[in-house]
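J.: As input, take my_file-v6.txt (compact mmCIF, C-alpha atoms):
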# COMPACT_ATOMS: atom_id res chain seq x y z
CA MET I 1 -19.27 -40.67 65.93
CA TYR I 2 -16.40 -41.71 68.15
CA ARG I 3 -16.44 -45.45 68.81
CA GLY I 4 -13.54 -45.78 71.27
CA ALA I 5 -13.42 -46.97 74.85
CA ASN I 6 -14.85 -43.71 76.19
CA ARG I 7 -17.99 -43.84 74.11
CA CYS I 8 -20.44 -41.29 75.46
CA ARG I 9 -23.17 -42.91 77.50
CA ASN I 10 -25.84 -40.24 77.25
CA ARG I 11 -27.67 -39.65 73.98
CA TRP I 12 -26.71 -35.97 74.28
CA TYR I 13 -23.01 -36.65 74.13
CA ILE I 14 -21.52 -36.89 70.68
CA LEU I 15 -17.79 -37.02 70.06
CA THR I 16 -16.55 -36.52 66.52
CA SER I 17 -13.22 -37.75 65.24
CA VAL I 18 -11.06 -35.76 62.86
CA HIS I 19 -12.41 -37.92 60.05
CA ASP I 20 -16.06 -37.61 61.09
CA PHE I 21 -16.75 -33.98 61.96
CA LYS I 22 -20.48 -33.45 62.21
CA ASP I 23 -22.71 -30.43 62.68
CA ILE I 24 -24.43 -31.22 65.97
CA SER I 25 -25.99 -27.81 66.54
CA GLY I 26 -29.45 -29.35 66.71
CA VAL I 27 -28.60 -31.89 69.42
CA ALA I 28 -29.82 -31.07 72.91
CA GLY I 29 -27.15 -30.37 75.48
CA VAL I 30 -24.47 -28.96 73.19
CA ALA I 31 -23.22 -25.41 72.91
CA THR I 32 -26.00 -22.86 73.16
CA ALA I 33 -26.61 -20.91 69.98
CA ARG I 34 -25.03 -17.46 70.17
CA THR I 35 -25.84 -14.20 68.45
CA THR I 36 -23.49 -12.83 65.79
CA ALA I 37 -22.21 -10.22 68.27
CA GLU I 38 -21.47 -12.88 70.89
CA THR I 39 -19.69 -15.05 68.33
CA ASP I 40 -17.58 -12.11 67.17
CA LEU I 41 -16.62 -11.33 70.77
CA LEU I 42 -15.57 -14.92 71.42
CA ARG I 43 -13.55 -14.95 68.21
CA SER I 44 -11.78 -11.70 69.07
CA ARG I 45 -10.94 -13.00 72.54
CA ALA I 46 -9.53 -16.19 71.08
CA LYS I 47 -7.22 -14.12 68.89
CA LEU I 48 -5.84 -12.14 71.83
CA TRP I 49 -3.03 -14.63 71.87
CA ASP I 50 -2.73 -17.25 69.17
CA GLU I 51 -0.21 -19.77 70.50
CA GLY I 52 0.26 -21.17 67.03
CA VAL I 53 1.51 -18.02 65.33
CA SER I 54 5.18 -18.60 66.10
CA ASP I 55 7.38 -21.63 65.65
CA SER I 56 9.40 -20.45 68.65
CA PRO I 57 7.02 -18.73 71.07
CA GLN I 58 9.54 -19.08 73.86
CA SER I 59 11.78 -16.62 72.00
CA ALA I 60 9.35 -13.86 72.96
CA GLY I 61 8.94 -15.19 76.48
CA PHE I 62 5.41 -16.44 75.83
CA ALA I 63 3.89 -19.74 76.85
CA ASN I 64 5.33 -22.64 74.88
CA PRO I 65 2.66 -25.34 74.37
CA VAL I 66 5.22 -28.08 73.66
CA ALA I 67 7.37 -27.43 76.73
CA ASN I 68 4.36 -26.78 78.94
CA SER I 69 2.64 -30.01 77.88
CA GLU I 70 5.76 -31.90 78.92
CA ARG I 71 5.75 -30.06 82.26
CA MET I 72 2.18 -31.24 82.80
CA GLY I 73 3.46 -34.81 82.78
CA ILE I 74 1.54 -35.80 79.66
CA THR I 75 2.96 -39.12 78.46
CA HIS I 76 2.36 -41.94 76.02
CA GLY I 77 -1.07 -43.55 76.12
CA MET I 78 -2.82 -40.90 78.21
CA LYS I 79 -6.25 -39.41 77.57
CA VAL I 80 -6.16 -35.62 77.60
CA ALA I 81 -8.94 -33.03 77.33
CA ASP I 82 -8.15 -29.52 76.13
CA PHE I 83 -10.91 -27.23 77.45
CA GLY I 84 -11.11 -24.10 75.31
CA ALA I 85 -8.85 -25.63 72.68
CA GLY I 86 -8.85 -22.50 70.52
CA SER I 87 -6.27 -22.71 67.75
CA GLY I 88 -5.25 -26.17 68.98
CA ALA I 89 -1.66 -25.51 70.01
CA TYR I 90 -2.02 -27.55 73.20
CA THR I 91 -4.25 -30.12 71.52
CA ILE I 92 -1.59 -30.89 68.91
CA ALA I 93 1.27 -30.77 71.42
CA ALA I 94 -0.56 -33.19 73.72
CA ALA I 95 -1.43 -35.48 70.80
CA ARG I 96 2.23 -35.80 69.88
CA LEU I 97 3.04 -36.82 73.46
CA VAL I 98 0.24 -39.37 73.97
CA GLY I 99 0.77 -41.02 70.57
CA LYS I 100 -1.60 -43.38 68.81
CA SER I 101 -2.30 -45.36 71.97
CA GLY I 102 -3.65 -42.21 73.64
CA ARG I 103 -6.49 -39.82 72.91
CA VAL I 104 -6.94 -36.06 72.97
CA TYR I 105 -10.31 -34.33 73.15
CA ALA I 106 -10.41 -30.77 71.82
CA VAL I 107 -13.38 -28.98 73.40
CA ASP I 108 -14.51 -25.55 72.25
CA VAL I 109 -17.68 -23.55 71.63
CA GLN I 110 -16.35 -22.19 68.34
CA LYS I 111 -16.83 -24.67 65.54
CA ASP I 112 -14.56 -22.81 63.12
CA LEU I 113 -11.63 -23.24 65.52
CA LEU I 114 -12.33 -26.97 65.79
CA THR I 115 -12.28 -27.16 62.01
CA ARG I 116 -8.87 -25.51 62.07
CA ILE I 117 -7.63 -28.11 64.56
CA LYS I 118 -9.01 -30.86 62.35
CA ASN I 119 -7.13 -29.50 59.33
CA ASN I 120 -3.85 -29.11 61.21
CA ALA I 121 -4.11 -32.58 62.72
CA THR I 122 -4.83 -34.09 59.32
CA LYS I 123 -1.73 -32.42 57.87
CA GLU I 124 0.37 -34.10 60.57
CA GLY I 125 -1.31 -37.47 60.14
CA ILE I 126 -2.75 -37.31 63.66
CA ASP I 127 -6.04 -39.17 63.84
CA TRP I 128 -6.31 -39.69 67.60
CA ILE I 129 -7.96 -36.32 68.30
CA ASP I 130 -11.70 -36.00 68.90
CA LEU I 131 -13.41 -32.69 68.26
CA CYS I 132 -16.01 -31.85 70.89
CA TRP I 133 -18.18 -28.89 70.04
CA GLY I 134 -19.67 -28.04 73.40
CA ASP I 135 -19.80 -25.68 76.33
CA PHE I 136 -17.51 -26.97 79.09
CA GLU I 137 -18.83 -24.32 81.48
CA LYS I 138 -21.95 -26.48 81.77
CA ASN I 139 -22.41 -29.78 83.57
CA HIS I 140 -21.69 -32.51 80.98
CA GLY I 141 -21.16 -29.76 78.41
CA SER I 142 -17.85 -31.24 77.26
CA LYS I 143 -19.66 -34.44 76.26
CA ILE I 144 -16.82 -36.53 77.76
CA ALA I 145 -17.52 -39.53 79.99
CA ASP I 146 -17.15 -39.36 83.79
CA LYS I 147 -13.71 -40.13 85.26
CA SER I 148 -12.17 -40.95 81.89
CA ILE I 149 -9.42 -38.33 81.51
CA ASP I 150 -5.84 -38.29 82.81
CA VAL I 151 -5.12 -34.59 82.24
CA VAL I 152 -7.44 -31.63 81.61
CA ILE I 153 -5.79 -28.53 80.16
CA ILE I 154 -7.33 -25.07 80.59
CA SER I 155 -4.93 -22.63 78.94
CA ASN I 156 -5.42 -18.90 78.33
CA THR I 157 -9.11 -19.50 78.86
CA VAL I 158 -10.17 -18.82 82.46
CA PHE I 159 -10.23 -15.06 81.93
CA GLN I 160 -12.66 -15.52 79.01
CA LEU I 161 -15.23 -17.60 80.88
CA ASP I 162 -18.67 -16.46 81.95
CA ASP I 163 -18.93 -19.33 84.44
CA ALA I 164 -15.41 -20.25 85.52
CA PRO I 165 -16.63 -22.30 88.54
CA GLY I 166 -18.70 -24.39 86.14
CA ALA I 167 -15.64 -25.12 84.01
CA PHE I 168 -13.66 -26.31 87.02
CA LEU I 169 -16.56 -28.53 88.09
CA GLU I 170 -16.75 -30.03 84.60
CA ALA I 171 -13.01 -30.73 84.74
CA SER I 172 -13.53 -32.48 88.07
CA ARG I 173 -16.30 -34.62 86.59
CA VAL I 174 -14.27 -35.94 83.65
CA LEU I 175 -10.96 -36.48 85.49
CA LYS I 176 -9.93 -39.83 86.89
CA ASP I 177 -9.37 -39.95 90.64
CA ASP I 178 -5.62 -39.78 90.04
CA GLY I 179 -5.92 -37.28 87.18
CA ARG I 180 -4.53 -33.76 86.98
CA LEU I 181 -5.87 -30.36 86.01
CA ALA I 182 -3.34 -28.00 84.40
CA VAL I 183 -4.23 -24.31 84.36
CA ILE I 184 -2.20 -21.76 82.41
CA ASP I 185 -3.25 -18.15 82.23
CA TRP I 186 -1.96 -14.61 81.92
CA SER I 187 -0.15 -13.08 84.88
CA ASP I 188 -0.27 -9.61 83.31
CA SER I 189 -1.49 -7.72 80.27
CA PHE I 190 1.25 -7.38 77.69
CA GLY I 191 1.36 -5.20 74.59
CA GLY I 192 -2.33 -5.61 73.78
CA LEU I 193 -1.96 -9.38 73.38
CA GLY I 194 -3.27 -10.48 76.74
CA PRO I 195 -6.48 -9.58 78.54
CA ILE I 196 -7.01 -6.08 79.81
CA ALA I 197 -5.89 -5.58 83.39
CA SER I 198 -9.42 -5.82 84.82
CA GLU I 199 -9.97 -9.24 83.21
CA ILE I 200 -6.79 -10.93 84.44
CA VAL I 201 -7.43 -13.98 86.59
CA THR I 202 -4.61 -13.99 89.12
CA LYS I 203 -2.88 -17.13 90.27
CA GLU I 204 -4.52 -16.72 93.66
CA LYS I 205 -7.98 -16.48 92.12
CA ALA I 206 -7.34 -19.56 89.98
CA VAL I 207 -6.37 -21.50 93.12
CA ALA I 208 -9.57 -20.33 94.83
CA LEU I 209 -11.72 -21.35 91.86
CA ALA I 210 -10.10 -24.76 91.78
CA ALA I 211 -10.59 -25.21 95.53
CA LYS I 212 -14.34 -24.62 95.20
CA ALA I 213 -14.45 -27.51 92.71
CA GLY I 214 -12.56 -29.80 95.08
CA PHE I 215 -9.06 -29.35 93.70
CA GLY I 216 -5.89 -28.63 95.60
CA PRO I 217 -2.62 -27.32 94.13
CA LEU I 218 -0.02 -29.99 93.44
CA ASN I 219 2.75 -27.85 92.01
CA GLU I 220 3.53 -24.82 89.91
CA PHE I 221 5.68 -24.47 86.81
CA THR I 222 7.11 -21.64 84.78
CA ALA I 223 4.73 -21.29 81.85
CA GLY I 224 6.23 -18.18 80.27
CA ALA I 225 7.27 -14.65 81.09
CA HIS I 226 3.65 -13.45 81.12
CA HIS I 227 1.91 -16.63 82.24
CA TYR I 228 1.63 -18.80 85.31
CA GLY I 229 1.12 -22.55 85.35
CA ILE I 230 -0.48 -24.60 88.12
CA ILE I 231 -1.18 -28.31 88.31
CA PHE I 232 -4.05 -29.40 90.53
CA LYS I 233 -5.15 -32.77 91.90
CA PRO I 234 -8.73 -33.74 92.73
CA GLY I 235 -9.72 -34.19 96.33
CA GLY I 236 -8.20 -31.05 97.78
CA TYR I 237 -4.67 -32.45 97.69
CA LYS I 238 -2.02 -30.04 98.85
CA ALA I 239 1.72 -30.39 98.23
Using the file provided, produce a representation of the structure as structure tokens.

T.:
Amino acid sequence: MYRGANRCRNRWYILTSVHDFKDISGVAGVATARTTAETDLLRSRAKLWDEGVSDSPQSAGFANPVANSERMGITHGMKVADFGAGSGAYTIAAARLVGKSGRVYAVDVQKDLLTRIKNNATKEGIDWIDLCWGDFEKNHGSKIADKSIDVVIISNTVFQLDDAPGAFLEASRVLKDDGRLAVIDWSDSFGGLGPIASEIVTKEKAVALAAKAGFGPLNEFTAGAHHYGIIFKPGGYKA
């Protein structure tokens, strides 16, 4: 169990460090059990674009987790939450930037992907990542304390969500008053890697979803040839 400054205050909330990964499937309030078919669908969606498959993703014009994390303003000592961490490309990139004095929380409903993040982090000697097996579309589903996070990342994930408004509300709950929400998603469907055209969440729709959760756009950044990137601030702030 994580014993840091952001110790979870509710008995439901359990954070596990990379050295203490526990099966918490029986704990109330965590990810709802899914059927085999639902799990397979989630896994196939996660593999639509694996940001970790290439050492130089920018060479193909795709989103570059390292460069994009820097554009988000992630710096030394910050606490970052990666909602829908998937293969962990942004989790690892953010961990490198925050260093040992910071913390990164990888949140995902797929435990096998969190195990992969754990293994990759261990290989790099990174032990300031917490694995949070939970459903961040639900209130308190991330199991992260209120107003404790500097940056929430939601990358290549919005189009996969059943309850996108719930995810934005959960991001609002965990962010500090001066925190930031960074959303990266597909601007088009490309070569079978991205979502099908009907599932694309446009930049305009992402802005509308964020607005309903009390966010306003702060700025945009170039996230890749087939992606958009938007940084939001709580409180309806507009640039």

J.: Name the residues within 12 Å of (1.5, -37.4, 68.7), counting all atoms listed in the file in the file's coordinates, and put them as a ChimeraX atom specification.

T.: /I:66,69,74-80,90-104,121-122,124-129

J.: Suppose you want the space between CA of Asn156 in chain I and CA of Ile184 in chain I; what is it in Å?

T.: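 Atom-to-atom, CA of Asn156 in chain I to CA of Ile184 in chain I, that is 5.9 Å.
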
J.: Within 8 Å of Asp185 in chain I, counting all atoms listed in the file, which residues qualify if same-chain residues fewer than 3 places away don't, as a ChimeraX atom specification?

T.: /I:155-159,201,227-229

J.: Enter the distance from CA of Val107 in chain I to CA of Ala223 in chain I, in Å, rounded to one decimal.

T.: 21.4 Å

J.: As an exercise, work out the distance from CA of Lys205 in chain I to CA of Asp82 in chain I in Å and give it to one decimal place.

T.: 20.6 Å

J.: Which is closer to Phe168 in chain I than all the others in I:Ala213, I:Ala145, I:Leu113, I:Ala89, using all atoms listed in the file?

T.: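 Once distances to Phe168 in chain I are computed over all atoms listed in the file, the minimum belongs to I:Ala213.
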
J.: Tell me which of I:Leu175, I:Asn139, I:Phe232, I:Val109 sits closest to Glu220 in chain I, counting only C-alpha atoms.

T.: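 When distances to Glu220 in chain I are compared using only C-alpha atoms, the smallest one comes from I:Phe232.
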